[in-house]
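*Asks:* Sharing a structure below in structure tokens format, with a few things to ask.
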Amino acid sequence: MAVVVVTKNNFEEEVFKSDKPVLLDFWASWCGPCRMVSPIVDEIAKEHPEIKVCKVNVDEEPELATKFEVMSIPSLFVVKEGKIVNSSVGAKPKNQILEML
């Protein structure tokens with residue numbers, strides 16, 4: 001499944017109303033650790049169709065970053081049935097990201 005770019009306009013529908021668990025990645029283009037995590041998140045999206053993978057650019061969507069109290073990036077959140085069930089800050093290897101799910 002392709003990665004979904006989330007904005008404040010499609011957030012509710014794509015994340016909170018998703019019928020699948022959602023891996024939500026808050027990132028920015030200037031962030032080195034984000035560039036390390038991004039290909040891993042993309043791989044997870046391709047390899048795990050049972051998971052919806054969404055990305056939020058914090059520079060373009062500061063309201064969403066504020067709503068999730070994102071202080072450092074990359075920040076990863078797992079959302080199931082409209083609730084945040086897990087979160088992590090900083091670059092992580094693939095196995096640790098999968099464990100969050």
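Letters A, B, ... mark the chains of the structure tokens in the order given; residue numbers begin at 1 per chain; ligand numbers begin at 1, in order shown.
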Give me, as a VMD selection string, all polymer residues having an atom no more than 12 Å from Asn95 (chain A), counting only C-alpha atoms and skipping those fewer than 2 positions away in the same chain.
*Replies:* chain A and resid 37 40 to 41 43 to 44 91 to 93 97 to 101
*Asks:* Can you pull out the residues contacting Ala2 (chain A)? Cut-off 7 Å, using only C-alpha atoms, and skip same-chain residues under 2 positions away; I want them as a list in words.
*Replies:*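 The residues that qualify are Val4, Ala45 and Lys46 of chain A.
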*Asks:* One decimal, in Å: what's the spacing between CA of Glu14 (chain A) and CA of Cys54 (chain A)?
*Replies:* 8.0 Å
*Asks:* Can you pull out every residue within 12 Å of Val85 (chain A), counting only C-alpha atoms, but drop anything in the same chain fewer than 3 positions away, and send it as a ChimeraX atom specification?
*Replies:* /A:21-24,76-82,88,100-101
*Asks:* Once DSSP has gone over the backbone, tell me which residues of chain A are in alpha helix (DSSP H), as an MDAnalysis selection string.
*Replies:* chainID A and resid 11 32:47 62:67 94:100
*Asks:* Using N, CA and C atoms, can you write the selected residues to a file as a short mmCIF file (atom, residue, chain, number, x, y, z; two decimals), in the first residue's frame?
*Replies:*
data_model
loop_
_atom_site.label_atom_id
_atom_site.label_comp_id
_atom_site.auth_asym_id
_atom_site.auth_seq_id
_atom_site.Cartn_x
_atom_site.Cartn_y
_atom_site.Cartn_z
N PHE A 11 -6.94 14.50 7.51
CA PHE A 11 -6.45 13.80 8.70
C PHE A 11 -7.53 12.92 9.35
N GLY A 32 17.78 15.16 9.45
CA GLY A 32 18.62 14.01 9.11
C GLY A 32 18.05 12.68 9.58
N PRO A 33 17.69 12.56 10.87
CA PRO A 33 17.10 11.29 11.33
C PRO A 33 15.80 10.94 10.59
N CYS A 34 15.05 11.96 10.17
CA CYS A 34 13.82 11.70 9.40
C CYS A 34 14.16 11.04 8.07
N ARG A 35 15.25 11.49 7.46
CA ARG A 35 15.67 10.91 6.18
C ARG A 35 16.13 9.47 6.36
N MET A 36 16.60 9.12 7.56
CA MET A 36 16.98 7.73 7.84
C MET A 36 15.73 6.86 8.02
N VAL A 37 14.72 7.39 8.66
CA VAL A 37 13.51 6.62 8.98
C VAL A 37 12.58 6.51 7.77
N SER A 38 12.56 7.53 6.92
CA SER A 38 11.61 7.57 5.81
C SER A 38 11.62 6.33 4.91
N PRO A 39 12.81 5.85 4.46
CA PRO A 39 12.78 4.64 3.62
C PRO A 39 12.28 3.41 4.37
N ILE A 40 12.51 3.35 5.68
CA ILE A 40 12.03 2.23 6.49
C ILE A 40 10.50 2.26 6.54
N VAL A 41 9.95 3.45 6.77
CA VAL A 41 8.50 3.61 6.82
C VAL A 41 7.89 3.26 5.45
N ASP A 42 8.56 3.67 4.38
CA ASP A 42 8.09 3.33 3.03
C ASP A 42 8.09 1.82 2.80
N GLU A 43 9.13 1.14 3.29
CA GLU A 43 9.21 -0.33 3.18
C GLU A 43 8.05 -0.99 3.91
N ILE A 44 7.79 -0.51 5.12
CA ILE A 44 6.70 -1.07 5.93
C ILE A 44 5.38 -0.92 5.17
N ALA A 45 5.18 0.23 4.53
CA ALA A 45 3.95 0.45 3.76
C ALA A 45 3.81 -0.57 2.64
N LYS A 46 4.92 -0.89 1.96
CA LYS A 46 4.88 -1.86 0.85
C LYS A 46 4.69 -3.29 1.34
N GLU A 47 5.35 -3.62 2.44
CA GLU A 47 5.38 -5.01 2.92
C GLU A 47 4.18 -5.39 3.79
N PRO A 62 1.76 22.54 10.72
CA PRO A 62 2.12 22.80 12.13
C PRO A 62 0.95 22.56 13.09
N GLU A 63 -0.29 22.72 12.62
CA GLU A 63 -1.44 22.49 13.49
C GLU A 63 -1.52 21.03 13.94
N LEU A 64 -1.24 20.10 13.01
CA LEU A 64 -1.26 18.68 13.37
C LEU A 64 -0.12 18.35 14.32
N ALA A 65 1.06 18.93 14.07
CA ALA A 65 2.20 18.69 14.96
C ALA A 65 1.87 19.19 16.37
N THR A 66 1.21 20.32 16.47
CA THR A 66 0.82 20.87 17.77
C THR A 66 -0.22 19.97 18.43
N LYS A 67 -1.18 19.51 17.65
CA LYS A 67 -2.24 18.64 18.19
C LYS A 67 -1.65 17.38 18.81
N LYS A 94 14.02 -0.80 11.72
CA LYS A 94 12.75 -1.36 11.25
C LYS A 94 12.10 -2.29 12.27
N ASN A 95 12.88 -3.18 12.87
CA ASN A 95 12.29 -4.14 13.81
C ASN A 95 11.63 -3.44 15.00
N GLN A 96 12.23 -2.33 15.47
CA GLN A 96 11.64 -1.61 16.60
C GLN A 96 10.36 -0.89 16.19
N ILE A 97 10.32 -0.38 14.96
CA ILE A 97 9.10 0.26 14.48
C ILE A 97 7.98 -0.79 14.34
N LEU A 98 8.31 -1.95 13.81
CA LEU A 98 7.32 -3.03 13.67
C LEU A 98 6.82 -3.49 15.03
N GLU A 99 7.70 -3.52 16.03
CA GLU A 99 7.29 -3.91 17.39
C GLU A 99 6.24 -2.96 17.95
N MET A 100 6.32 -1.68 17.57
CA MET A 100 5.34 -0.70 18.05
C MET A 100 3.93 -1.05 17.59
#
*Asks:* If DSSP is run on the backbone, what residues of chain A are strand (DSSP E)? A reply as a PyMOL selection string would be ideal.
*Replies:* chain A and resi 4-5+22-27+52-57+75-80+83-89
*Asks:* I want to know what sits within 9 Å of Thr7 (chain A), based on only C-alpha atoms, with residues of the same chain fewer than 4 positions away left out; could you give that as a list in words?
*Replies:*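 The residues that qualify are Phe11, Lys55, Val56, Asn57, Glu60, Glu61 and Leu64 of chain A.
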*Asks:* Please determine, counting only C-alpha atoms, which residue among A:Glu12, A:Lys20, A:Ala28, A:Pro74 has the shortest atom-to-atom distance to Asp59 (chain A).
*Replies:*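 Nearest candidate to Asp59 (chain A) out of A:Glu12, A:Lys20, A:Ala28, A:Pro74: A:Ala28.
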*Asks:* Just the number, please: distance in Å from CA of Ile73 (chain A) to CA of Asn86 (chain A), one decimal.
*Replies:*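 For CA of Ile73 (chain A) relative to CA of Asn86 (chain A), the distance reads 15.4 Å.
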*Asks:* For the atom pair CA of Pro49 (chain A) and CA of Ser72 (chain A), what is the interatomic distance in Å to one decimal place?
*Replies:* 27.8 Å
*Asks:* So which one's closest to Val3 (chain A), A:Gly90, A:Val70, A:Val53, A:Ser75? Using only C-alpha atoms, please.
*Replies:*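 Closest to Val3 (chain A), using only C-alpha atoms: A:Val53.
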*Asks:* May I ask which of the residues A:Val58, A:Lys83, A:Phe68, A:Trp30 is the closest one to Ser18 (chain A), counting only C-alpha atoms?
*Replies:* A:Lys83
